[in-house]
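The data block below is structure-v3.csv; it holds CSV, C-alpha atoms and all ligand atoms.
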chain,number,residue,atom,x,y,z
A,1,MET,CA,-6.7,4.3,5.9
A,2,GLU,CA,-5.6,5.4,9.4
A,3,TYR,CA,-2.0,6.3,8.4
A,4,ALA,CA,-3.2,8.9,5.9
A,5,SER,CA,-5.8,11.7,6.0
A,6,ASP,CA,-6.9,11.7,2.4
A,7,GLN,CA,-6.8,9.6,-0.8
A,8,ILE,CA,-7.3,10.0,-4.5
A,9,THR,CA,-8.6,7.1,-6.5
A,10,ILE,CA,-7.4,7.4,-10.1
A,11,TYR,CA,-8.8,4.4,-12.0
A,12,ARG,CA,-12.2,2.8,-11.7
A,13,PHE,CA,-10.9,-0.7,-12.4
A,14,CYS,CA,-7.9,-2.8,-11.4
A,15,PRO,CA,-6.3,-5.4,-13.6
A,16,PHE,CA,-4.2,-7.1,-11.0
A,17,ASN,CA,-7.1,-9.2,-9.7
A,18,CYS,CA,-5.7,-10.0,-6.3
A,19,ARG,CA,-7.6,-12.9,-4.6
A,20,TYR,CA,-7.7,-11.1,-1.3
A,21,CYS,CA,-9.0,-7.8,-2.6
A,22,TRP,CA,-12.2,-6.9,-0.9
A,23,ALA,CA,-12.5,-3.7,-2.9
A,24,TRP,CA,-13.2,-5.5,-6.1
A,25,ARG,CA,-14.3,-8.9,-4.9
A,26,LEU,CA,-17.2,-7.7,-2.8
A,27,PRO,CA,-19.9,-6.6,-5.2
A,28,LEU,CA,-21.1,-3.8,-2.9
A,29,TYR,CA,-17.7,-2.1,-2.9
A,30,ALA,CA,-17.0,-2.8,-6.6
A,31,LYS,CA,-20.2,-1.0,-7.5
A,32,ARG,CA,-19.4,1.9,-5.3
A,33,ILE,CA,-15.9,2.4,-6.8
A,34,LYS,CA,-17.2,2.1,-10.3
A,35,ARG,CA,-20.0,4.6,-9.6
A,36,GLY,CA,-17.6,7.3,-8.4
A,37,LYS,CA,-17.7,10.0,-11.0
A,38,TYR,CA,-15.1,12.5,-10.3
A,39,ASN,CA,-12.0,13.6,-12.1
A,40,PRO,CA,-8.9,12.8,-10.2
A,41,VAL,CA,-6.9,15.6,-11.7
A,42,VAL,CA,-9.6,18.1,-10.6
A,43,GLU,CA,-9.6,16.4,-7.2
A,44,ALA,CA,-5.8,16.8,-6.9
A,45,ARG,CA,-6.0,20.6,-7.8
A,46,LYS,CA,-8.2,21.1,-4.7
A,47,TYR,CA,-5.2,20.3,-2.6
A,48,LEU,CA,-3.1,23.2,-4.0
A,49,ASN,CA,-5.1,25.7,-1.9
A,50,VAL,CA,-5.4,23.6,1.3
A,51,LYS,CA,-3.0,25.0,3.8
A,52,LYS,CA,-3.4,22.4,6.5
A,53,ARG,CA,-0.9,19.6,5.9
A,54,LYS,CA,-2.6,16.4,4.6
A,55,ILE,CA,-1.2,12.9,4.0
A,56,ILE,CA,-2.6,11.9,0.6
A,57,VAL,CA,-2.6,8.2,-0.6
A,58,VAL,CA,-2.6,7.6,-4.3
A,59,SER,CA,-4.5,5.4,-4.8
A,60,PHE,CA,-6.5,3.4,-2.3
A,61,THR,CA,-9.2,1.2,-3.9
A,62,SER,CA,-7.5,0.6,-7.2
A,63,ASP,CA,-3.9,0.6,-8.4
A,64,PRO,CA,-2.6,3.9,-9.9
A,65,TYR,CA,-0.2,2.1,-12.3
A,66,PRO,CA,-2.2,-0.4,-14.3
A,67,PRO,CA,-0.4,-1.2,-17.6
A,68,ILE,CA,-2.7,1.3,-19.5
A,69,GLU,CA,-1.2,4.1,-17.4
A,70,ARG,CA,1.8,3.8,-19.8
A,71,GLU,CA,-0.3,5.5,-22.5
A,72,ASN,CA,-3.0,7.2,-20.4
A,73,LYS,CA,-0.6,9.1,-18.1
A,74,LEU,CA,-3.6,9.9,-15.9
A,75,THR,CA,-1.7,9.2,-12.7
A,76,ARG,CA,1.2,11.2,-14.0
A,77,LYS,CA,-1.2,14.2,-14.5
A,78,VAL,CA,-2.4,13.8,-10.9
A,79,LEU,CA,1.2,13.7,-9.6
A,80,GLU,CA,2.1,16.7,-11.7
A,81,VAL,CA,-0.5,18.7,-9.9
A,82,LEU,CA,0.4,17.3,-6.5
A,83,SER,CA,4.1,17.9,-7.1
A,84,LYS,CA,3.3,21.6,-6.7
A,85,ALA,CA,1.4,21.0,-3.4
A,86,LYS,CA,4.5,20.7,-1.3
A,87,GLN,CA,2.7,21.4,2.0
A,88,HIS,CA,1.3,17.9,1.8
A,89,LYS,CA,2.8,14.4,2.1
A,90,VAL,CA,2.0,12.1,-0.8
A,91,MET,CA,2.1,8.4,-0.5
A,92,ILE,CA,2.0,6.4,-3.7
A,93,LEU,CA,0.8,2.8,-3.3
A,94,THR,CA,1.1,0.5,-6.2
A,95,LYS,CA,1.8,-3.1,-7.2
A,96,ASN,CA,3.6,-1.7,-10.2
A,97,PRO,CA,6.4,0.5,-8.8
A,98,ILE,CA,8.4,-0.5,-11.9
A,99,LEU,CA,6.1,1.7,-14.0
A,100,ALA,CA,5.9,4.3,-11.3
A,101,LEU,CA,9.6,5.0,-11.6
A,102,ARG,CA,8.8,6.8,-14.8
A,103,ASP,CA,7.4,9.6,-12.6
A,104,ALA,CA,10.5,9.7,-10.3
A,105,ASP,CA,11.1,13.3,-11.6
A,106,LEU,CA,7.9,14.4,-10.0
A,107,MET,CA,8.6,12.6,-6.7
A,108,LEU,CA,11.9,14.3,-6.5
A,109,GLU,CA,10.5,17.7,-7.4
A,110,HIS,CA,8.0,17.4,-4.6
A,111,GLY,CA,10.4,16.2,-2.0
A,112,ASP,CA,7.9,14.5,0.3
A,113,MET,CA,6.3,12.1,-2.3
A,114,TRP,CA,6.9,8.5,-1.2
A,115,LEU,CA,6.9,5.5,-3.4
A,116,GLY,CA,5.3,2.4,-1.8
A,117,THR,CA,4.4,-1.1,-2.8
A,118,THR,CA,2.4,-3.9,-1.2
A,119,LEU,CA,4.2,-7.1,-0.4
A,120,ILE,CA,2.5,-10.1,1.1
A,121,SER,CA,5.5,-12.3,0.3
A,122,LEU,CA,8.8,-12.1,-1.4
A,123,ASN,CA,7.9,-15.1,-3.5
A,124,GLU,CA,5.6,-15.4,-6.5
A,125,ASN,CA,2.2,-16.4,-5.1
A,126,MET,CA,-1.2,-17.4,-6.3
A,127,TYR,CA,-2.9,-14.5,-4.5
A,128,GLU,CA,-1.6,-11.8,-6.9
A,129,PRO,CA,-1.9,-13.5,-10.3
A,130,ASN,CA,-1.5,-10.5,-12.5
A,131,ALA,CA,0.7,-8.3,-10.5
A,132,PRO,CA,4.5,-7.8,-11.1
A,133,HIS,CA,6.7,-10.3,-9.3
A,134,PRO,CA,7.3,-9.2,-5.6
A,135,LEU,CA,11.1,-9.1,-6.2
A,136,ASP,CA,10.6,-6.8,-9.2
A,137,ARG,CA,8.5,-4.5,-7.0
A,138,PHE,CA,11.2,-4.5,-4.3
A,139,ASP,CA,13.9,-3.8,-6.9
A,140,ALA,CA,11.9,-0.8,-8.0
A,141,LEU,CA,11.9,0.5,-4.4
A,142,VAL,CA,15.7,0.0,-4.2
A,143,LYS,CA,16.1,2.1,-7.4
A,144,ALA,CA,13.8,4.8,-6.0
A,145,LYS,CA,15.7,4.9,-2.7
A,146,LYS,CA,19.0,5.2,-4.5
A,147,LEU,CA,17.5,8.2,-6.4
A,148,GLY,CA,16.7,9.8,-3.1
A,149,ILE,CA,12.9,9.1,-3.0
A,150,PRO,CA,11.5,7.9,0.3
A,151,THR,CA,10.1,4.4,0.2
A,152,TRP,CA,7.5,2.4,2.1
A,153,ILE,CA,6.0,-1.1,2.1
A,154,SER,CA,2.5,-2.1,3.0
A,155,ILE,CA,2.6,-5.6,4.4
A,156,GLU,CA,-1.1,-6.2,3.9
A,157,PRO,CA,-3.0,-8.4,4.1
A,158,ILE,CA,-1.0,-10.7,6.2
A,159,ILE,CA,-2.1,-14.2,5.2
A,160,PRO,CA,-1.3,-17.3,7.4
A,161,GLU,CA,1.4,-19.6,5.9
A,162,VAL,CA,2.1,-17.0,3.2
A,163,THR,CA,3.1,-13.8,4.8
A,164,TYR,CA,6.1,-13.7,7.2
A,165,PRO,CA,6.2,-9.9,8.0
A,166,GLU,CA,9.4,-10.2,10.0
A,167,LEU,CA,11.1,-11.8,7.0
A,168,ILE,CA,9.9,-9.1,4.6
A,169,VAL,CA,11.2,-6.4,7.0
A,170,TYR,CA,14.5,-8.3,7.5
A,171,CYS,CA,15.1,-8.6,3.7
A,172,THR,CA,14.0,-5.1,2.7
A,173,GLU,CA,14.9,-2.7,5.6
A,174,LYS,CA,18.1,-1.3,4.0
A,175,TYR,CA,16.0,0.4,1.3
A,176,VAL,CA,12.7,1.0,3.0
A,177,ASP,CA,11.8,3.9,5.3
A,178,TYR,CA,8.4,3.1,6.5
A,179,TYR,CA,6.2,0.0,7.0
A,180,VAL,CA,2.4,-0.5,7.4
A,181,LEU,CA,1.1,-3.8,8.7
A,182,GLY,CA,-2.5,-4.8,8.2
A,183,ALA,CA,-4.8,-7.8,8.6
A,184,LEU,CA,-6.7,-9.9,6.1
A,185,ASN,CA,-10.2,-8.4,6.0
A,186,TYR,CA,-13.2,-10.7,5.1
A,187,ALA,CA,-10.8,-13.6,5.6
A,188,LYS,CA,-13.6,-16.3,5.8
A,189,LYS,CA,-15.6,-14.8,2.9
A,190,LEU,CA,-12.7,-14.2,0.5
A,191,LEU,CA,-10.3,-17.0,1.3
A,192,GLY,CA,-12.1,-19.4,3.7
A,193,ILE,CA,-9.7,-18.6,6.6
A,194,GLU,CA,-11.0,-18.8,10.1
A,195,ARG,CA,-10.4,-16.0,12.6
A,196,GLU,CA,-8.6,-18.4,15.0
A,197,GLU,CA,-6.1,-19.2,12.3
A,198,LEU,CA,-5.5,-15.5,11.8
A,199,ARG,CA,-5.1,-15.0,15.6
A,200,LYS,CA,-2.5,-17.7,15.9
A,201,TRP,CA,-0.5,-16.4,12.9
A,202,TYR,CA,-0.7,-12.7,13.8
A,203,TYR,CA,0.2,-13.3,17.5
A,204,VAL,CA,3.5,-14.9,16.5
A,205,HIS,CA,4.6,-13.2,13.3
A,206,VAL,CA,3.3,-9.6,13.8
A,207,HIS,CA,4.9,-9.5,17.2
A,208,ARG,CA,8.2,-10.7,15.7
A,209,ALA,CA,8.0,-8.1,13.0
A,210,ILE,CA,7.3,-5.4,15.6
A,211,ARG,CA,10.3,-6.5,17.7
A,212,LEU,CA,12.5,-6.3,14.6
A,213,LEU,CA,11.1,-2.9,13.5
A,214,ASN,CA,11.9,-1.5,17.0
A,215,LYS,CA,15.3,-3.0,17.0
A,216,LEU,CA,16.0,-1.4,13.6
A,217,GLU,CA,14.5,1.9,14.7
A,218,LYS,CA,12.2,1.9,11.7
A,219,ARG,CA,9.1,3.9,11.4
A,220,TYR,CA,6.0,1.8,11.1
A,221,TYR,CA,2.2,1.7,11.6
A,222,ILE,CA,0.3,-1.2,12.9
A,223,LYS,CA,-3.3,-0.9,11.7
A,224,SER,CA,-5.9,-1.0,14.5
A,225,GLU,CA,-7.6,-4.1,12.9
A,226,LEU,CA,-4.7,-6.1,14.2
A,227,ASP,CA,-5.2,-5.1,17.8
A,228,PRO,CA,-7.7,-7.8,18.7
A,229,PHE,CA,-5.2,-10.5,17.5
A,230,LEU,CA,-2.2,-9.1,19.4
A,231,GLY,CA,-3.4,-8.9,22.9
A,232,GLY,CA,-3.0,-5.2,23.2
A,233,ARG,CA,-3.2,-1.8,21.6
A,234,TYR,CA,-0.2,-0.3,20.0
A,235,GLU,CA,0.8,3.3,20.3
A,236,ARG,CA,0.0,5.1,17.1
B,1,LIG,S1,-3.8,-4.2,-6.8
B,1,LIG,FE1,-4.9,-3.5,-5.0
B,1,LIG,S2,-6.9,-2.7,-5.8
B,1,LIG,FE2,-5.9,-4.0,-7.4
B,1,LIG,S3,-6.8,-6.0,-7.1
B,1,LIG,FE3,-4.9,-5.9,-6.0
B,1,LIG,S4,-5.5,-5.3,-3.9
B,1,LIG,FE4,-7.2,-4.8,-5.2

Go through the file and emit its structure as structure tokens.
Amino acid sequence: MEYASDQITIYRFCPFNCRYCWAWRLPLYAKRIKRGKYNPVVEARKYLNVKKRKIIVVSFTSDPYPPIERENKLTRKVLEVLSKAKQHKVMILTKNPILALRDADLMLEHGDMWLGTTLISLNENMYEPNAPHPLDRFDALVKAKKLGIPTWISIEPIIPEVTYPELIVYCTEKYVDYYVLGALNYAKKLLGIEREELRKWYYVHVHRAIRLLNKLEKRYYIKSELDPFLGGRYER
């Protein structure tokens, strides 16, 4: 993940069905995720006794807030445990921060538990057919920020003609503390997009986003997979 040291995967499925999702669209990865047989609550408990500070993402290869979480409360159980592990930073990443707000009490109790969402666009788009509307996701971050919860956005994957990272930053920066920018992996295989097309788009739009982030003095992370498209390595 680069920007985190650890991750806990909660669910072994994801109902959001994003068209760019390599985790579930490439059979090899899908099989690996499904095969994982550990209990995320037990996994979370292990961090209680880890003294060295970790940055833990919840969750990486599936979304931690599918609609069934409303009844299951499995993610909540994991966060209940992690809320006691105050030595670590916890970064929640979900396309459903609307439901995640239910657990705002745990985020506040912990103090360094961040609520994040992925945005590839501020418009409804065909790439995320089952996920909540991007503006509803952003609205949930605004609410979180007003409650005192740190917020972040993963602008990833950046898709040519769809994702204008500079525009997302410009429209959201008042309520967002941290940004991660990442490339479209398996572009040709998943969406039929050529590498040259990516290069052209990233060179213009990622540079614009970086300039804006610097001007706004925002914290951000440019994933190393973007380096070959940007003509240089960014300090991380
Ligand atoms: S929400 Fe995340 S894990 Fe789920 S399909 Fe979309 S990209 Fe994949």

- request: Pick out the residues sitting within 9 Å of region 212-219 of chain A, and hand them over as a list in words; count all atoms listed in the file, and ignore anything fewer than 3 positions along from it in its own chain.
  value: Glu166, Val169, Tyr170, Glu173, Val176, Asp177, Tyr178, Tyr179, Val180, His207, Arg208 and Ala209 of chain A

task: Could I get the residue neighbourhood of ligand LIG 1 (chain B) at 6 Å, counting all atoms listed in the file, as a PyMOL selection string?
output: chain A and resi 14+16-18+21+23+61-63+95

query: In terms of the shortest atom-to-atom distance over all atoms listed in the file, which of A:Tyr202, A:Tyr20, A:Tyr221, A:Ala183 is closest to Asn125 (chain A)?
result: A:Tyr20

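Counting only C-alpha atoms and comparing A:Trp114, A:Tyr203, A:Trp22, A:Tyr65, the residue that lies closest to Asn185 (chain A) is A:Trp22.
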
query: Any idea what the distance is between CA of Leu99 (chain A) and CA of Lys46 (chain A)?
result: 25.8 Å
